[in-house]
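What follows is the content of model-v4.txt (compact mmCIF, C-alpha atoms).
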```
# COMPACT_ATOMS: atom_id res chain seq x y z
CA MET A 1 -2.96 56.35 -75.05
CA ALA A 2 -1.92 59.96 -74.73
CA ASN A 3 -0.29 60.94 -71.48
CA ALA A 4 -1.85 63.34 -69.00
CA ALA A 5 0.45 66.21 -70.02
CA LEU A 6 -0.77 66.04 -73.63
CA ARG A 7 -4.42 66.01 -72.58
CA ARG A 8 -3.75 68.94 -70.29
CA ARG A 9 -2.26 70.97 -73.15
CA ALA A 10 -5.22 70.10 -75.35
CA TRP A 11 -7.60 71.43 -72.71
CA GLN A 12 -5.52 74.57 -72.23
CA TRP A 13 -5.98 75.26 -75.93
CA ALA A 14 -9.69 74.39 -75.79
CA ALA A 15 -10.33 76.61 -72.76
CA ALA A 16 -9.24 79.66 -74.78
CA VAL A 17 -11.83 79.03 -77.53
CA PRO A 18 -14.52 81.74 -77.13
CA ALA A 19 -17.33 79.41 -78.20
CA LEU A 20 -16.57 77.08 -75.30
CA GLU A 21 -16.33 79.96 -72.86
CA ARG A 22 -19.86 81.01 -73.86
CA ARG A 23 -21.15 77.48 -73.32
CA CYS A 24 -19.93 77.24 -69.72
CA PRO A 25 -22.70 78.38 -67.36
CA PRO A 26 -21.74 80.82 -64.58
CA LEU A 27 -21.23 79.17 -61.22
CA PRO A 28 -23.65 79.93 -58.38
CA ALA A 29 -22.08 81.74 -55.46
CA ALA A 30 -22.01 78.64 -53.25
CA GLY A 31 -20.32 76.57 -55.92
CA ALA A 32 -17.81 79.28 -56.82
CA ARG A 33 -16.55 79.42 -53.24
CA ARG A 34 -15.62 75.73 -53.36
CA ILE A 35 -13.74 75.75 -56.67
CA PRO A 36 -10.28 77.34 -57.13
CA GLU A 37 -10.39 80.58 -59.12
CA HIS A 38 -7.25 79.75 -61.11
CA MET A 39 -9.06 76.98 -62.98
CA THR A 40 -10.43 77.58 -66.48
CA SER A 41 -14.16 78.01 -67.03
CA ILE A 42 -14.59 74.49 -68.42
CA GLU A 43 -12.67 72.96 -65.51
CA GLN A 44 -14.83 74.87 -63.05
CA ALA A 45 -18.01 73.83 -64.88
CA HIS A 46 -16.87 70.19 -64.94
CA ILE A 47 -16.09 70.12 -61.22
CA HIS A 48 -19.35 71.87 -60.33
CA THR A 49 -21.38 69.46 -62.49
CA CYS A 50 -19.65 66.45 -60.94
CA MET A 51 -20.29 67.83 -57.45
CA PHE A 52 -23.97 68.23 -58.28
CA ILE A 53 -24.21 64.70 -59.70
CA GLU A 54 -22.48 63.28 -56.63
CA ALA A 55 -24.76 65.26 -54.30
CA MET A 56 -27.76 63.75 -56.09
CA SER A 57 -26.25 60.31 -55.62
CA VAL A 58 -25.71 60.89 -51.90
CA ALA A 59 -29.26 62.23 -51.49
CA ARG A 60 -30.59 59.20 -53.33
CA ASN A 61 -28.76 56.74 -51.10
CA PHE A 62 -29.75 58.58 -47.92
CA THR A 63 -33.38 58.84 -48.99
CA GLN A 64 -33.62 55.14 -49.74
CA ALA A 65 -32.04 54.30 -46.38
CA ILE A 66 -34.48 56.38 -44.32
CA LEU A 67 -37.54 55.91 -46.55
CA PRO A 68 -39.56 53.96 -43.93
CA VAL A 69 -38.93 56.71 -41.36
CA LEU A 70 -39.92 59.44 -43.83
CA ARG A 71 -43.20 57.71 -44.60
CA GLY A 72 -43.97 57.23 -40.92
CA VAL A 73 -43.24 60.87 -40.09
CA GLN A 74 -45.37 61.99 -43.00
CA GLN A 75 -48.33 59.91 -41.82
CA LEU A 76 -48.10 61.37 -38.31
CA ARG A 77 -47.65 64.93 -39.55
CA PHE A 78 -50.74 64.90 -41.73
CA ALA A 79 -52.89 62.39 -39.83
CA PHE A 80 -55.42 64.99 -38.64
CA ARG A 81 -55.46 67.28 -41.65
CA PRO A 82 -57.92 67.29 -44.56
CA ALA A 83 -57.03 64.92 -47.39
CA GLU A 84 -56.46 67.79 -49.83
CA GLU A 85 -53.67 69.14 -47.59
CA SER A 86 -51.84 65.83 -47.36
CA PRO A 87 -49.07 65.17 -49.89
CA PRO A 88 -49.01 61.78 -51.61
CA PRO A 89 -47.00 59.04 -49.86
CA PHE A 90 -43.34 59.65 -50.52
CA PRO A 91 -42.29 56.85 -52.92
CA GLY A 92 -38.53 57.35 -52.88
CA ALA A 93 -36.27 59.37 -55.13
CA PHE A 94 -34.47 58.80 -58.45
CA ILE A 95 -34.06 55.04 -58.22
CA ASN A 96 -31.87 55.06 -61.33
CA TRP A 97 -28.96 57.46 -61.10
CA ASN A 98 -25.27 57.47 -62.07
CA ARG A 99 -22.10 58.56 -60.36
CA PRO A 100 -20.00 61.29 -62.06
CA ALA A 101 -17.51 58.76 -63.43
CA GLU A 102 -20.35 56.81 -65.04
CA PHE A 103 -21.77 59.93 -66.70
CA ARG A 104 -18.31 60.82 -68.00
CA GLU A 105 -17.56 57.28 -69.19
CA GLY A 106 -20.86 57.12 -71.09
CA ALA A 107 -20.25 60.50 -72.71
CA GLU A 108 -16.71 59.55 -73.71
CA THR A 109 -17.89 56.25 -75.21
CA ALA A 110 -20.56 58.07 -77.25
CA TYR A 111 -18.04 60.65 -78.47
CA THR A 112 -15.44 58.02 -79.38
CA SER A 113 -18.00 56.04 -81.38
CA LEU A 114 -19.20 59.16 -83.16
CA LEU A 115 -15.69 60.23 -84.17
CA GLY A 116 -14.86 56.71 -85.30
CA ALA A 117 -17.96 56.61 -87.49
CA LEU A 118 -17.28 60.02 -89.04
CA LEU A 119 -13.53 59.72 -89.57
CA ARG A 120 -12.98 56.00 -90.11
CA GLY A 121 -16.35 54.46 -90.76
CA GLU A 122 -15.83 52.28 -87.67
CA PRO A 123 -18.43 51.67 -86.40
CA PRO A 124 -20.67 52.37 -89.39
CA LEU A 125 -22.70 55.50 -88.80
CA ALA A 126 -25.90 53.53 -89.41
CA GLU A 127 -25.21 51.49 -86.26
CA LEU A 128 -25.38 54.66 -84.19
CA ARG A 129 -28.75 55.72 -85.61
CA PRO A 130 -30.70 54.76 -82.42
CA LEU A 131 -28.42 57.03 -80.38
CA LEU A 132 -28.89 60.09 -82.60
CA ALA A 133 -31.74 62.58 -82.73
CA ASP A 134 -33.26 62.99 -86.19
CA ASP A 135 -31.64 66.33 -87.00
CA VAL A 136 -28.23 65.10 -85.79
CA TRP A 137 -28.59 61.99 -87.94
CA ARG A 138 -29.44 64.03 -91.03
CA ASP A 139 -26.56 66.43 -90.44
CA LEU A 140 -23.95 63.71 -89.88
CA SER A 141 -25.22 61.62 -92.79
CA GLY A 142 -24.85 64.65 -95.05
CA ARG A 143 -21.32 65.31 -93.79
CA GLN A 144 -20.35 61.71 -94.39
CA ARG A 145 -21.67 61.75 -97.96
CA GLN A 146 -19.73 64.93 -98.69
CA ALA A 147 -16.54 63.45 -97.24
CA GLU A 148 -16.97 60.26 -99.27
CA GLY A 149 -17.51 62.30 -102.43
CA ALA A 150 -14.38 64.36 -101.80
CA GLU A 151 -12.32 61.20 -101.21
CA ALA A 152 -13.61 59.65 -104.43
CA GLU A 153 -12.58 62.73 -106.41
CA CYS A 154 -9.10 62.58 -104.90
CA GLY A 155 -8.70 58.88 -105.58
CA GLY A 156 -9.36 57.77 -102.02
CA GLY A 157 -7.10 58.04 -99.03
CA SER A 158 -6.13 56.53 -95.73
CA ALA A 159 -8.57 56.83 -92.87
CA ALA A 160 -7.67 59.16 -90.05
CA ARG A 161 -6.57 57.79 -86.69
CA VAL A 162 -8.03 58.99 -83.39
CA ASP A 163 -5.12 59.11 -80.96
CA PHE A 164 -7.06 60.09 -77.86
CA VAL A 165 -10.33 61.58 -76.67
CA HIS A 166 -11.22 63.21 -73.38
CA VAL A 167 -14.47 64.77 -72.17
CA MET A 168 -15.62 67.15 -69.45
CA LEU A 169 -19.16 67.48 -68.13
CA ALA A 170 -20.09 71.13 -68.58
CA SER A 171 -23.70 71.17 -67.39
CA LEU A 172 -26.66 69.08 -66.27
CA GLY A 173 -30.16 70.47 -66.64
CA GLY A 174 -33.64 69.17 -66.04
CA PRO A 175 -37.04 69.99 -64.52
CA LYS A 176 -37.69 72.42 -61.66
CA SER A 177 -37.45 69.62 -59.10
CA LEU A 178 -33.88 68.98 -60.21
CA GLU A 179 -33.15 72.69 -59.85
CA ALA A 180 -34.49 72.44 -56.28
CA PHE A 181 -32.02 69.64 -55.53
CA HIS A 182 -29.30 71.75 -57.13
CA GLU A 183 -30.17 74.62 -54.78
CA GLY A 184 -29.77 72.35 -51.76
CA HIS A 185 -33.36 71.31 -51.02
CA PRO A 186 -33.46 67.58 -50.09
CA PRO A 187 -36.24 65.37 -51.50
CA TRP A 188 -38.04 65.10 -48.16
CA ALA A 189 -38.27 68.90 -47.75
CA TYR A 190 -41.42 68.84 -49.88
CA ALA A 191 -43.52 67.78 -46.87
CA ARG A 192 -42.98 71.13 -45.08
CA ASP A 193 -42.73 73.54 -48.02
CA PRO A 194 -45.95 74.11 -50.02
CA GLN A 195 -44.08 75.54 -53.02
CA LEU A 196 -41.67 72.62 -53.15
CA ARG A 197 -44.56 70.23 -52.60
CA GLU A 198 -46.27 71.54 -55.72
CA THR A 199 -43.03 71.30 -57.73
CA PHE A 200 -42.19 67.79 -56.53
CA ALA A 201 -45.75 66.53 -56.94
CA ARG A 202 -45.77 67.75 -60.54
CA ASP A 203 -42.43 66.13 -61.36
CA MET A 204 -42.83 62.98 -59.28
CA PHE A 205 -44.21 60.83 -62.09
CA ARG A 206 -44.08 63.18 -65.08
CA LYS A 207 -41.22 62.62 -67.49
CA SER A 208 -39.06 65.65 -68.24
CA PRO A 209 -35.92 66.07 -70.36
CA LEU A 210 -32.58 65.57 -68.61
CA GLU A 211 -29.77 67.18 -70.62
CA LEU A 212 -26.05 66.67 -70.16
CA GLY A 213 -23.76 69.21 -71.83
CA VAL A 214 -20.37 67.76 -72.74
CA ALA A 215 -17.19 69.38 -74.05
CA ALA A 216 -14.80 66.97 -75.76
CA VAL A 217 -11.28 67.17 -77.16
CA ALA A 218 -9.60 64.68 -79.47
CA GLN A 219 -6.32 64.32 -81.26
CA VAL A 220 -6.71 63.12 -84.83
CA SER A 221 -3.81 62.04 -87.05
CA ALA A 222 -3.46 60.94 -90.65
CA ALA A 223 -2.92 57.19 -90.85
CA ASP A 224 0.50 57.57 -92.48
CA ARG A 225 1.47 60.51 -90.20
CA GLU A 226 2.55 62.53 -93.27
CA GLY A 227 -0.66 64.50 -93.07
CA GLY A 228 0.15 65.66 -89.56
CA SER A 229 -2.10 65.80 -86.52
CA LEU A 230 -4.67 68.17 -85.11
CA TRP A 231 -6.68 68.80 -81.99
CA ARG A 232 -10.41 69.29 -82.31
CA LEU A 233 -12.92 70.60 -79.81
CA ASP A 234 -16.51 69.38 -80.02
CA TRP A 235 -19.71 69.93 -78.09
CA LEU A 236 -22.31 67.26 -77.43
CA THR A 237 -25.68 67.50 -75.74
CA LEU A 238 -27.06 64.17 -74.54
CA ARG A 239 -30.69 63.89 -73.52
CA SER A 240 -32.65 61.34 -71.53
CA GLU A 241 -35.85 61.45 -69.48
CA PHE A 242 -36.12 62.03 -65.74
CA ASP A 243 -38.70 61.97 -62.98
CA ILE A 244 -38.23 62.11 -59.23
CA VAL A 245 -39.28 58.54 -58.55
CA GLU A 246 -37.53 56.64 -61.31
CA GLY A 247 -34.65 59.04 -61.89
CA ILE A 248 -33.07 58.44 -65.29
CA SER A 249 -35.83 56.64 -67.15
CA GLY A 250 -34.38 56.04 -70.60
CA PRO A 251 -31.17 55.82 -72.64
CA PHE A 252 -29.30 58.99 -73.48
CA ARG A 253 -29.42 60.17 -77.10
CA ILE A 254 -27.19 62.72 -78.80
CA VAL A 255 -29.41 65.69 -79.63
CA GLU A 256 -26.61 68.09 -80.55
CA PHE A 257 -23.14 67.61 -82.00
CA SER A 258 -21.02 70.48 -83.22
CA GLU A 259 -17.35 71.05 -83.94
CA MET A 260 -16.27 74.22 -82.17
CA ALA A 261 -12.64 74.52 -83.28
CA SER A 262 -9.57 72.66 -84.51
CA VAL A 263 -5.86 73.44 -84.71
CA SER A 264 -2.95 71.75 -86.46
CA LEU A 265 -0.15 70.60 -84.19
CA PRO A 266 3.53 71.40 -84.68
CA VAL A 267 5.74 68.43 -85.52
CA GLY A 268 6.56 66.54 -82.34
CA GLU A 269 3.67 67.94 -80.33
CA GLU A 270 1.43 64.96 -81.10
CA SER A 271 3.71 62.65 -79.13
CA GLY A 272 3.55 64.78 -76.03
CA GLY A 273 6.86 66.63 -76.29
CA THR A 274 8.47 67.53 -73.03
CA GLU A 275 7.15 69.18 -69.93
```
Could you express the structure from this file as structure tokens?
Amino acid sequence: MANAALRRRAWQWAAAVPALERRCPPLPAAGARRIPEHMTSIEQAHIHTCMFIEAMSVARNFTQAILPVLRGVQQLRFAFRPAEESPPPFPGAFINWNRPAEFREGAETAYTSLLGALLRGEPPLAELRPLLADDVWRDLSGRQRQAEGAEAECGGGSAARVDFVHVMLASLGGPKSLEAFHEGHPPWAYARDPQLRETFARDMFRKSPLELGVAAVAQVSAADREGGSLWRLDWLTLRSEFDIVEGISGPFRIVEFSEMASVSLPVGEESGGTE
């Protein structure tokens, strides 16, 4: 496993890639105040995304804990109003949700499997078919066929070795109700805000896409080390479904995979060098 210093250098290189800079969404003012300015754009985006995911987790736990109270208050508040003005009974919020570490672990596992399939054939790409959107599957299948053809013309060769991978969570997007949470409106606020009530009621049981943007770096080496090593920077978008009640309501699939950049490493750099 690569040490932390090597991963840090890989991310310093990746942060300077213009394509990644364009992918990192600007931070809202509230988030920017809580994140050190000296950090790179991808580090800031990762921290902000993790903070948002954790805030959702805290809101979920708190909502479930006080759910009986919320329902009682709602009944009292709307007891003497016409039925059309009463919101539906609050059923809870995003029962299925992950902590930031779980999102990151899942993304890193998906990326590791994808690189293994493309560079080593382990696991076979066909085994990952259920995790890939149709256009991603067609693209990667075509790449693999081209690589196999090139190897056959050259008389074969040793499979590459993936020395390490590391991912950062660049963004998390979903329906308007998720944006409301992101802006600091708690789930129970819908009972006193007509605009939020309309948004939450629409998204309470309706499935909407939940998209996780992931930046990933990896160090890849030739099996015999004579071919040298390189760093590569990739982007993945993973998509699931989301509604307010159930939360994450399906497995994540890779709907976008693109290689942003790569760079060959000087001799000795692949082992970490010195600080």
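In this comparison, which uses all atoms listed in the file, the residue of A:Glu179, A:Asp234, A:Glu256, A:Glu105 approaching Ala215 (chain A) most closely is A:Asp234.
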Would you mind telling me which residue in A:Ala222, A:Leu125, A:Leu169, A:Ala133 lies nearest to Arg23 (chain A) when using only C-alpha atoms?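 Of A:Ala222, A:Leu125, A:Leu169, A:Ala133, the one nearest Arg23 (chain A), counting only C-alpha atoms, is A:Leu169.
The space separating CA of Ser208 (chain A) from CA of Phe242 (chain A) comes to 5.3 Å.
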To one decimal in Å, tell me the separation between CA of Ser249 (chain A) and CA of Arg202 (chain A).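 Taking CA of Ser249 (chain A) and CA of Arg202 (chain A), their separation equals 16.3 Å.
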Neighbour list for Ile42 (chain A) as a CSV table (one decimal) with C-alpha atoms, in the coordinates of the input, cut-off 12 Å, all atoms listed in the file, skip fewer than 5 positions in-chain:
```
chain,number,residue,atom,x,y,z
A,11,TRP,CA,-7.6,71.4,-72.7
A,12,GLN,CA,-5.5,74.6,-72.2
A,13,TRP,CA,-6.0,75.3,-75.9
A,14,ALA,CA,-9.7,74.4,-75.8
A,15,ALA,CA,-10.3,76.6,-72.8
A,16,ALA,CA,-9.2,79.7,-74.8
A,17,VAL,CA,-11.8,79.0,-77.5
A,18,PRO,CA,-14.5,81.7,-77.1
A,19,ALA,CA,-17.3,79.4,-78.2
A,20,LEU,CA,-16.6,77.1,-75.3
A,21,GLU,CA,-16.3,80.0,-72.9
A,22,ARG,CA,-19.9,81.0,-73.9
A,23,ARG,CA,-21.2,77.5,-73.3
A,24,CYS,CA,-19.9,77.2,-69.7
A,25,PRO,CA,-22.7,78.4,-67.4
A,26,PRO,CA,-21.7,80.8,-64.6
A,27,LEU,CA,-21.2,79.2,-61.2
A,35,ILE,CA,-13.7,75.8,-56.7
A,37,GLU,CA,-10.4,80.6,-59.1
A,47,ILE,CA,-16.1,70.1,-61.2
A,48,HIS,CA,-19.4,71.9,-60.3
A,49,THR,CA,-21.4,69.5,-62.5
A,167,VAL,CA,-14.5,64.8,-72.2
A,168,MET,CA,-15.6,67.2,-69.4
A,169,LEU,CA,-19.2,67.5,-68.1
A,170,ALA,CA,-20.1,71.1,-68.6
A,171,SER,CA,-23.7,71.2,-67.4
A,213,GLY,CA,-23.8,69.2,-71.8
A,214,VAL,CA,-20.4,67.8,-72.7
A,215,ALA,CA,-17.2,69.4,-74.0
A,216,ALA,CA,-14.8,67.0,-75.8
A,217,VAL,CA,-11.3,67.2,-77.2
A,235,TRP,CA,-19.7,69.9,-78.1
```
Which neighbours of Val162 (chain A) fall inside 8 Å, counting all atoms listed in the file, when residues of the same chain fewer than 4 positions from it are skipped, and could you give them as a ChimeraX atom specification? /A:115-116,218-221
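Rounded to one decimal, CA of Ala126 (chain A) and CA of Trp97 (chain A) lie 28.7 Å from each other.
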